$ cat upload29.txt   # compact mmCIF, C-alpha atoms and all ligand atoms
# COMPACT_ATOMS: atom_id res chain seq x y z
CA MET A 13 25.49 -24.80 -0.87
CA HIS A 14 21.87 -25.80 -0.34
CA THR A 15 21.04 -23.20 2.31
CA ASN A 16 18.50 -21.41 0.12
CA GLN A 17 16.51 -24.56 -0.41
CA SER A 18 15.56 -24.91 3.23
CA LYS A 19 14.00 -21.45 3.26
CA PRO A 20 10.27 -21.19 2.75
CA LYS A 21 10.10 -19.54 -0.66
CA ASN A 22 6.61 -18.14 -0.52
CA LYS A 23 6.58 -16.69 2.95
CA ALA A 24 4.37 -13.60 3.01
CA LEU A 25 6.25 -10.34 3.54
CA LEU A 26 3.17 -8.15 3.58
CA ASP A 27 -0.27 -8.61 5.14
CA LEU A 28 -3.25 -6.95 3.51
CA ILE A 29 -5.47 -5.81 6.36
CA LEU A 30 -9.08 -5.11 5.44
CA LEU A 31 -10.69 -2.41 7.55
CA GLY A 32 -14.39 -3.15 7.24
CA HIS A 33 -15.86 -4.30 3.93
CA VAL A 34 -13.42 -3.88 1.03
CA ASN A 35 -14.21 -4.73 -2.60
CA GLU A 36 -12.84 -8.23 -3.15
CA MET A 37 -11.68 -7.62 -6.70
CA ALA A 38 -9.70 -4.58 -5.54
CA VAL A 39 -7.99 -6.69 -2.86
CA SER A 40 -7.04 -9.40 -5.37
CA ILE A 41 -5.74 -6.86 -7.88
CA VAL A 42 -3.61 -5.12 -5.26
CA ALA A 43 -2.15 -8.46 -4.11
CA ALA A 44 -1.41 -9.46 -7.72
CA ASN A 45 0.31 -6.17 -8.52
CA LEU A 46 2.44 -6.21 -5.36
CA GLN A 47 3.53 -9.69 -6.39
CA THR A 48 4.27 -9.02 -10.07
CA ILE A 49 5.68 -5.47 -9.88
CA ILE A 50 7.53 -5.49 -6.55
CA GLY A 51 7.89 -9.24 -5.95
CA LEU A 52 6.13 -9.08 -2.57
CA ASN A 53 4.24 -12.15 -1.41
CA THR A 54 1.10 -11.11 0.41
CA ASP A 55 -1.36 -12.67 2.82
CA ILE A 56 -4.93 -11.46 2.97
CA ARG A 57 -6.33 -11.05 6.48
CA THR A 58 -9.58 -9.58 7.61
CA VAL A 59 -10.12 -7.21 10.47
CA ILE A 60 -13.83 -7.09 11.12
CA GLY A 61 -15.43 -3.71 11.64
CA ASP A 62 -14.58 -0.15 10.74
CA PRO A 63 -11.85 1.66 12.67
CA ASP A 64 -14.25 3.71 14.80
CA TYR A 65 -11.38 4.88 17.03
CA ALA A 66 -10.05 6.89 14.06
CA PHE A 67 -13.35 8.53 13.02
CA VAL A 68 -13.14 12.30 12.74
CA PRO A 69 -16.54 13.73 13.75
CA GLY A 70 -17.83 16.52 11.54
CA ARG A 71 -15.64 15.52 8.62
CA ASN A 72 -17.05 12.05 8.05
CA GLN A 73 -13.49 10.86 7.48
CA PHE A 74 -11.03 8.59 9.21
CA ASP A 75 -7.63 9.70 10.49
CA ALA A 76 -5.05 7.76 8.46
CA THR A 77 -2.27 8.45 10.98
CA ARG A 78 -4.22 6.79 13.80
CA ILE A 79 -5.08 3.74 11.70
CA ILE A 80 -1.43 3.33 10.73
CA LYS A 81 -0.47 3.39 14.42
CA THR A 82 -2.93 0.54 15.03
CA LEU A 83 -1.57 -1.45 12.08
CA CYS A 84 1.94 -0.97 13.49
CA ALA A 85 0.86 -2.46 16.80
CA ILE A 86 0.04 -5.81 15.16
CA THR A 87 2.99 -7.97 16.12
CA ASP A 88 2.16 -11.24 14.37
CA GLY A 89 2.09 -12.09 10.68
CA ALA A 90 4.20 -10.55 7.93
CA PRO A 91 6.70 -7.74 8.64
CA LEU A 92 4.84 -5.20 6.47
CA LYS A 93 1.16 -4.23 6.72
CA LEU A 94 -0.99 -2.56 4.07
CA GLY A 95 -4.43 -1.51 5.31
CA MET A 96 -7.26 -1.18 2.80
CA ILE A 97 -10.41 0.81 3.53
CA GLU A 98 -13.39 2.03 1.54
CA ASN A 99 -13.96 5.10 3.77
CA ASP A 100 -12.44 8.51 3.14
CA LEU A 101 -9.13 9.30 4.84
CA CYS A 102 -7.53 12.50 6.09
CA THR A 103 -4.54 13.39 8.22
CA PRO A 104 -4.12 16.14 10.83
CA ILE A 105 -2.55 18.25 8.02
CA LEU A 106 -4.30 17.19 4.81
CA THR A 107 -8.03 17.48 3.96
CA PHE A 108 -7.92 14.09 2.25
CA VAL A 109 -5.39 11.45 1.24
CA TYR A 110 -5.63 8.52 -1.18
CA GLY A 111 -3.12 6.73 0.96
CA GLU A 112 -0.57 7.21 3.71
CA SER A 113 2.65 5.44 4.53
CA GLN A 114 5.62 5.40 6.87
CA LEU A 115 8.83 5.99 4.94
CA GLY A 116 10.95 2.90 5.53
CA GLY A 117 8.47 1.79 8.19
CA LYS A 118 6.04 -1.04 8.80
CA ALA A 119 2.53 0.08 7.87
CA ALA A 120 0.73 1.87 5.04
CA LEU A 121 -2.89 2.51 4.22
CA VAL A 122 -4.96 2.94 1.05
CA SER A 123 -8.49 4.29 0.67
CA LEU A 124 -10.72 3.34 -2.26
CA HIS A 125 -13.07 6.22 -1.52
CA ARG A 126 -11.96 8.81 -4.10
CA LEU A 127 -10.67 6.46 -6.78
CA SER A 128 -13.90 5.47 -8.57
CA ALA A 129 -14.03 5.90 -12.33
CA GLU A 130 -16.83 5.13 -14.81
CA ASP A 131 -14.70 2.32 -16.18
CA PRO A 132 -14.04 -0.22 -13.40
CA ALA A 133 -10.71 -1.09 -15.05
CA VAL A 134 -9.56 2.49 -14.41
CA THR A 135 -10.77 2.30 -10.80
CA TYR A 136 -8.74 -0.85 -10.17
CA GLN A 137 -5.72 0.65 -11.89
CA ARG A 138 -5.90 3.69 -9.59
CA ILE A 139 -6.15 1.49 -6.50
CA ALA A 140 -3.18 -0.58 -7.66
CA LYS A 141 -1.11 2.56 -8.39
CA ILE A 142 -1.77 4.09 -4.96
CA SER A 143 -1.01 0.76 -3.26
CA LEU A 144 2.27 0.32 -5.15
CA HIS A 145 3.19 3.94 -4.35
CA GLU A 146 2.53 3.59 -0.60
CA VAL A 147 4.36 0.25 -0.42
CA GLY A 148 7.24 1.95 -2.29
CA HIS A 149 7.42 4.42 0.62
CA LEU A 150 7.39 1.49 3.08
CA LEU A 151 10.44 0.18 1.26
CA GLY A 152 12.15 3.52 1.88
CA ILE A 153 11.56 5.14 -1.55
CA LYS A 154 10.86 8.90 -1.55
CA HIS A 155 8.91 10.85 -4.14
CA CYS A 156 10.27 10.84 -7.68
CA TRP A 157 10.04 13.69 -10.18
CA LYS A 158 9.88 11.55 -13.31
CA THR A 159 6.42 12.17 -14.76
CA THR A 160 5.29 8.58 -15.26
CA CYS A 161 7.03 6.87 -12.30
CA LEU A 162 4.73 5.30 -9.69
CA MET A 163 6.66 7.18 -6.99
CA LYS A 164 5.60 10.56 -8.37
CA HIS A 165 3.21 12.28 -5.94
CA SER A 166 -0.36 12.61 -7.26
CA SER A 167 -2.45 15.31 -5.60
CA ASN A 168 -5.49 14.53 -7.76
CA LEU A 169 -6.78 11.94 -10.21
CA GLU A 170 -5.45 13.54 -13.41
CA PRO A 171 -1.75 13.05 -12.62
CA LEU A 172 -2.58 9.66 -11.07
CA ASP A 173 -4.18 8.49 -14.32
CA SER A 174 -1.19 9.63 -16.36
CA LEU A 175 1.25 7.49 -14.33
CA SER A 176 2.44 4.24 -15.84
CA MET A 177 2.09 0.98 -13.90
CA TYR A 178 5.84 0.93 -13.37
CA PHE A 179 8.60 2.46 -11.30
CA CYS A 180 11.34 4.34 -13.19
CA SER A 181 14.66 2.50 -13.41
CA ALA A 182 16.20 4.48 -10.51
CA CYS A 183 13.25 3.75 -8.16
CA GLU A 184 13.11 0.15 -9.34
CA TYR A 185 16.78 -0.27 -8.45
CA GLU A 186 16.19 1.09 -4.93
CA ILE A 187 13.14 -1.16 -4.49
CA LYS A 188 15.13 -4.22 -5.53
CA ARG A 189 17.81 -3.36 -2.96
CA SER A 190 15.24 -2.88 -0.18
CA MET A 191 13.52 -6.11 -1.14
CA GLU A 192 16.80 -8.02 -0.86
CA VAL A 193 17.28 -6.66 2.67
CA LEU A 194 13.68 -7.49 3.60
CA VAL A 195 13.88 -11.04 2.21
CA ASN A 196 17.21 -11.70 3.96
CA ARG A 197 15.84 -10.47 7.27
CA ASN A 198 12.67 -12.53 7.08
CA THR A 199 13.61 -15.90 5.65
ZN ZN B 201 3.83 9.52 -1.67
ZN ZN B 202 11.05 7.04 -9.98
$ encode --input "upload29.txt" --output "structure tokens"
Amino acid sequence: MHTNQSKPKNKALLDLILLGHVNEMAVSIVAANLQTIIGLNTDIRTVIGDPDYAFVPGRNQFDATRIIKTLCAITDGAPLKLGMIENDLCTPILTFVYGESQLGGKAALVSLHRLSAEDPAVTYQRIAKISLHEVGHLLGIKHCWKTTCLMKHSSNLEPLDSLSMYFCSACEYEIKRSMEVLVNRNT
């Protein structure tokens, strides 16, 4: 009857991993949005230094796939990892990515590099949207075709800016189900 009360209620389920210097306000806003929109408690950790091992010479970018592999190798802390980086990201296939994630996996990554707007509020909104989208993938949610849903794929800033700050009801339902599984496994 009282089993729930012995569980730590605020245990972090996701660690924010900072790869080099990352704008503090952006980190706080991402943590706040993961908490309010998905219900994910987060811990903020710092990894000092840029991920030089993932630098792609000649492109001045970092390989998102390699960084995600490194985030996956972290065995302590929360079960999910979201890396944040200010440098530009690419993958072996794509010339740039705002973020990258393992579908139903452990680690995702977000770059602030291409998200700047004249209005800082818009910049932070973009960072929050990409973070929520990539964490949605971590929770097993695929791309959605509804035009304003956070799980809709944005290939550039225009569609990103037209997204709402919410998941559609179908994606929200799937996220709630994944969250229940995650909470049960980790408390
Ligand atoms: Zn996506
Ligand atoms: Zn959706």
$ closest_atom_pairs --input "upload29.txt" --of "stretch 129-165 of chain A" --to "stretch 106-120 of chain A" --cutoff "10 Å" --atoms "all atoms listed in the file" --output "Markdown table"
| residue | atom | partner | partner_atom | distance |
| --- | --- | --- | --- | --- |
| A:Arg138 | CA | A:Tyr110 | CA | 9.7 |
| A:Ile139 | CA | A:Tyr110 | CA | 8.8 |
| A:Ile142 | CA | A:Gly111 | CA | 6.6 |
| A:Ser143 | CA | A:Gly111 | CA | 7.6 |
| A:His145 | CA | A:Gly111 | CA | 8.7 |
| A:Glu146 | CA | A:Ser113 | CA | 5.5 |
| A:Val147 | CA | A:Ala120 | CA | 6.8 |
| A:Gly148 | CA | A:Leu115 | CA | 8.4 |
| A:His149 | CA | A:Leu115 | CA | 4.8 |
| A:Leu150 | CA | A:Gly116 | CA | 4.5 |
| A:Leu151 | CA | A:Gly116 | CA | 5.1 |
| A:Gly152 | CA | A:Gly116 | CA | 3.9 |
| A:Ile153 | CA | A:Leu115 | CA | 7.1 |
| A:Lys154 | CA | A:Leu115 | CA | 7.4 |
$ write_last_selection --input "upload29.txt" --atoms "C-alpha atoms" --output "PDB file, keeping the file's coordinate frame"
ATOM      1  CA  ARG A 138      -5.900   3.690  -9.590  1.00  0.00           C
ATOM      2  CA  ILE A 139      -6.150   1.490  -6.500  1.00  0.00           C
ATOM      3  CA  ILE A 142      -1.770   4.090  -4.960  1.00  0.00           C
ATOM      4  CA  SER A 143      -1.010   0.760  -3.260  1.00  0.00           C
ATOM      5  CA  HIS A 145       3.190   3.940  -4.350  1.00  0.00           C
ATOM      6  CA  GLU A 146       2.530   3.590  -0.600  1.00  0.00           C
ATOM      7  CA  VAL A 147       4.360   0.250  -0.420  1.00  0.00           C
ATOM      8  CA  GLY A 148       7.240   1.950  -2.290  1.00  0.00           C
ATOM      9  CA  HIS A 149       7.420   4.420   0.620  1.00  0.00           C
ATOM     10  CA  LEU A 150       7.390   1.490   3.080  1.00  0.00           C
ATOM     11  CA  LEU A 151      10.440   0.180   1.260  1.00  0.00           C
ATOM     12  CA  GLY A 152      12.150   3.520   1.880  1.00  0.00           C
ATOM     13  CA  ILE A 153      11.560   5.140  -1.550  1.00  0.00           C
ATOM     14  CA  LYS A 154      10.860   8.900  -1.550  1.00  0.00           C
TER      15      LYS A 154
END
$ residues_near_ligand --input "upload29.txt" --ligand "ligand ZN 202 (chain B)" --cutoff "10 Å" --atoms "all atoms listed in the file" --output "list in words"
Gly148, Ile153, Lys154, His155, Cys156, Trp157, Lys158, Thr159, Thr160, Cys161, Leu162, Met163, Lys164, Tyr178, Phe179, Cys180, Ser181, Ala182, Cys183, Glu184, Tyr185 and Glu186 of chain A
$ residues_around --input "upload29.txt" --residues "A:Arg71" --least-positions-apart "2" --cutoff "12 Å" --atoms "all atoms listed in the file" --output "PDB file with C-alpha atoms, keeping the file's coordinate frame"
ATOM      1  CA  ALA A  66     -10.050   6.890  14.060  1.00  0.00           C
ATOM      2  CA  PHE A  67     -13.350   8.530  13.020  1.00  0.00           C
ATOM      3  CA  VAL A  68     -13.140  12.300  12.740  1.00  0.00           C
ATOM      4  CA  PRO A  69     -16.540  13.730  13.750  1.00  0.00           C
ATOM      5  CA  GLN A  73     -13.490  10.860   7.480  1.00  0.00           C
ATOM      6  CA  PHE A  74     -11.030   8.590   9.210  1.00  0.00           C
ATOM      7  CA  ASP A  75      -7.630   9.700  10.490  1.00  0.00           C
ATOM      8  CA  ASN A  99     -13.960   5.100   3.770  1.00  0.00           C
ATOM      9  CA  ASP A 100     -12.440   8.510   3.140  1.00  0.00           C
ATOM     10  CA  LEU A 101      -9.130   9.300   4.840  1.00  0.00           C
ATOM     11  CA  CYS A 102      -7.530  12.500   6.090  1.00  0.00           C
ATOM     12  CA  THR A 103      -4.540  13.390   8.220  1.00  0.00           C
ATOM     13  CA  PRO A 104      -4.120  16.140  10.830  1.00  0.00           C
ATOM     14  CA  THR A 107      -8.030  17.480   3.960  1.00  0.00           C
ATOM     15  CA  PHE A 108      -7.920  14.090   2.250  1.00  0.00           C
TER      16      PHE A 108
END
$ axis_aligned_box --input "upload29.txt" --around "stretch 47-66 of chain A" --padding-each-side "8 Å" --output "JSON"
{"center_x": -3.8, "center_y": -2.9, "center_z": 3.5, "size_x": 39.3, "size_y": 35.6, "size_z": 43.1}
$ residues_around --input "upload29.txt" --residues "A:Met191" --least-positions-apart "3" --cutoff "9 Å" --atoms "all atoms listed in the file" --output "PyMOL selection string"
chain A and resi 50-52+151+186-188+194-196
$ write_last_selection --input "upload29.txt" --atoms "C-alpha atoms" --output "tab-separated table (two decimals), in the coordinates of the input"
chain	number	residue	atom	x	y	z
A	50	ILE	CA	7.53	-5.49	-6.55
A	51	GLY	CA	7.89	-9.24	-5.95
A	52	LEU	CA	6.13	-9.08	-2.57
A	151	LEU	CA	10.44	0.18	1.26
A	186	GLU	CA	16.19	1.09	-4.93
A	187	ILE	CA	13.14	-1.16	-4.49
A	188	LYS	CA	15.13	-4.22	-5.53
A	194	LEU	CA	13.68	-7.49	3.60
A	195	VAL	CA	13.88	-11.04	2.21
A	196	ASN	CA	17.21	-11.70	3.96
$ closest_residue --input "upload29.txt" --among "A:Thr48, A:Thr87, A:Thr82, A:Ser123" --to "A:His33" --atoms "all atoms listed in the file"
A:Ser123
$ atom_distance --input "upload29.txt" --atom1 "atom CA of A:Asn35" --atom2 "atom CA of A:Asp88"
24.5 Å
$ closest_residue --input "upload29.txt" --among "A:Val39, A:Leu127, A:Ala24, A:Leu172" --to "ligand ZN 201 (chain B)" --atoms "only C-alpha atoms and all ligand atoms"
A:Leu172
$ closest_residue --input "upload29.txt" --among "A:Ser167, A:Arg189, A:Leu92, A:Val59" --to "ligand ZN 201 (chain B)" --atoms "only C-alpha atoms and all ligand atoms"
A:Ser167
$ closest_residue --input "upload29.txt" --among "A:Val34, A:Ala85, A:Leu121, A:Ala129" --to "ligand ZN 201 (chain B)" --atoms "only C-alpha atoms and all ligand atoms"
A:Leu121
$ atom_distance --input "upload29.txt" --atom1 "atom CA of A:Leu25" --atom2 "atom CA of A:Thr58"
16.4 Å
$ atom_distance --input "upload29.txt" --atom1 "atom CA of A:Asp173" --atom2 "atom CA of A:Leu83"
28.3 Å
$ closest_residue --input "upload29.txt" --among "A:Ile79, A:Ile105, A:Leu94, A:Ala38" --to "A:Asp62" --atoms "only C-alpha atoms"
A:Ile79
$ closest_residue --input "upload29.txt" --among "A:Arg197, A:His165, A:Glu192, A:Ser174" --to "ligand ZN 201 (chain B)" --atoms "all atoms listed in the file"
A:His165
$ build_atoms --input "upload29.txt" --residues "stretch 51-80 of chain A" --atoms "N, CA and C atoms" --output "CSV table (one decimal), in the frame of the given file"
chain,number,residue,atom,x,y,z
A,51,GLY,N,7.4,-7.9,-6.4
A,51,GLY,CA,7.9,-9.2,-6.0
A,51,GLY,C,7.6,-9.6,-4.5
A,52,LEU,N,6.5,-8.9,-4.0
A,52,LEU,CA,6.1,-9.1,-2.6
A,52,LEU,C,5.0,-10.1,-2.5
A,53,ASN,N,5.3,-11.2,-1.7
A,53,ASN,CA,4.2,-12.2,-1.4
A,53,ASN,C,3.3,-11.6,-0.4
A,54,THR,N,2.0,-11.7,-0.6
A,54,THR,CA,1.1,-11.1,0.4
A,54,THR,C,0.1,-12.2,1.0
A,55,ASP,N,-0.3,-11.9,2.2
A,55,ASP,CA,-1.4,-12.7,2.8
A,55,ASP,C,-2.6,-11.7,2.9
A,56,ILE,N,-3.7,-12.3,2.8
A,56,ILE,CA,-4.9,-11.5,3.0
A,56,ILE,C,-5.6,-11.8,4.3
A,57,ARG,N,-5.7,-10.8,5.2
A,57,ARG,CA,-6.3,-11.0,6.5
A,57,ARG,C,-7.5,-10.1,6.6
A,58,THR,N,-8.4,-10.5,7.4
A,58,THR,CA,-9.6,-9.6,7.6
A,58,THR,C,-9.6,-9.1,9.0
A,59,VAL,N,-9.8,-7.8,9.2
A,59,VAL,CA,-10.1,-7.2,10.5
A,59,VAL,C,-11.6,-6.8,10.4
A,60,ILE,N,-12.4,-7.4,11.2
A,60,ILE,CA,-13.8,-7.1,11.1
A,60,ILE,C,-14.2,-5.8,11.8
A,61,GLY,N,-15.0,-5.0,11.1
A,61,GLY,CA,-15.4,-3.7,11.6
A,61,GLY,C,-14.6,-2.5,11.2
A,62,ASP,N,-15.3,-1.4,11.1
A,62,ASP,CA,-14.6,-0.2,10.7
A,62,ASP,C,-13.7,0.4,11.9
A,63,PRO,N,-12.7,1.1,11.6
A,63,PRO,CA,-11.8,1.7,12.7
A,63,PRO,C,-12.5,2.9,13.3
A,64,ASP,N,-13.5,2.6,14.2
A,64,ASP,CA,-14.2,3.7,14.8
A,64,ASP,C,-13.4,4.7,15.6
A,65,TYR,N,-12.3,4.1,16.2
A,65,TYR,CA,-11.4,4.9,17.0
A,65,TYR,C,-10.7,6.0,16.2
A,66,ALA,N,-10.7,5.9,14.9
A,66,ALA,CA,-10.0,6.9,14.1
A,66,ALA,C,-11.0,7.8,13.4
A,67,PHE,N,-12.3,7.7,13.7
A,67,PHE,CA,-13.4,8.5,13.0
A,67,PHE,C,-13.2,10.0,13.4
A,68,VAL,N,-13.3,10.9,12.5
A,68,VAL,CA,-13.1,12.3,12.7
A,68,VAL,C,-14.5,12.9,12.6
A,69,PRO,N,-15.2,13.2,13.8
A,69,PRO,CA,-16.5,13.7,13.8
A,69,PRO,C,-16.6,15.1,13.0
A,70,GLY,N,-17.7,15.3,12.3
A,70,GLY,CA,-17.8,16.5,11.5
A,70,GLY,C,-17.2,16.5,10.2
A,71,ARG,N,-16.3,15.6,9.9
A,71,ARG,CA,-15.6,15.5,8.6
A,71,ARG,C,-16.0,14.2,7.9
A,72,ASN,N,-16.7,13.3,8.6
A,72,ASN,CA,-17.0,12.0,8.0
A,72,ASN,C,-15.9,11.3,7.4
A,73,GLN,N,-14.7,11.5,8.0
A,73,GLN,CA,-13.5,10.9,7.5
A,73,GLN,C,-12.8,10.1,8.6
A,74,PHE,N,-11.8,9.3,8.2
A,74,PHE,CA,-11.0,8.6,9.2
A,74,PHE,C,-9.6,9.1,9.2
A,75,ASP,N,-9.0,9.2,10.4
A,75,ASP,CA,-7.6,9.7,10.5
A,75,ASP,C,-6.6,8.6,10.1
A,76,ALA,N,-6.0,8.8,9.0
A,76,ALA,CA,-5.0,7.8,8.5
A,76,ALA,C,-3.9,7.5,9.4
A,77,THR,N,-3.4,8.6,10.1
A,77,THR,CA,-2.3,8.4,11.0
A,77,THR,C,-2.6,7.5,12.1
A,78,ARG,N,-3.8,7.6,12.7
A,78,ARG,CA,-4.2,6.8,13.8
A,78,ARG,C,-4.4,5.3,13.4
A,79,ILE,N,-4.9,5.1,12.2
A,79,ILE,CA,-5.1,3.7,11.7
A,79,ILE,C,-3.7,3.1,11.5
A,80,ILE,N,-2.8,3.9,11.0
A,80,ILE,CA,-1.4,3.3,10.7
A,80,ILE,C,-0.8,2.9,12.1
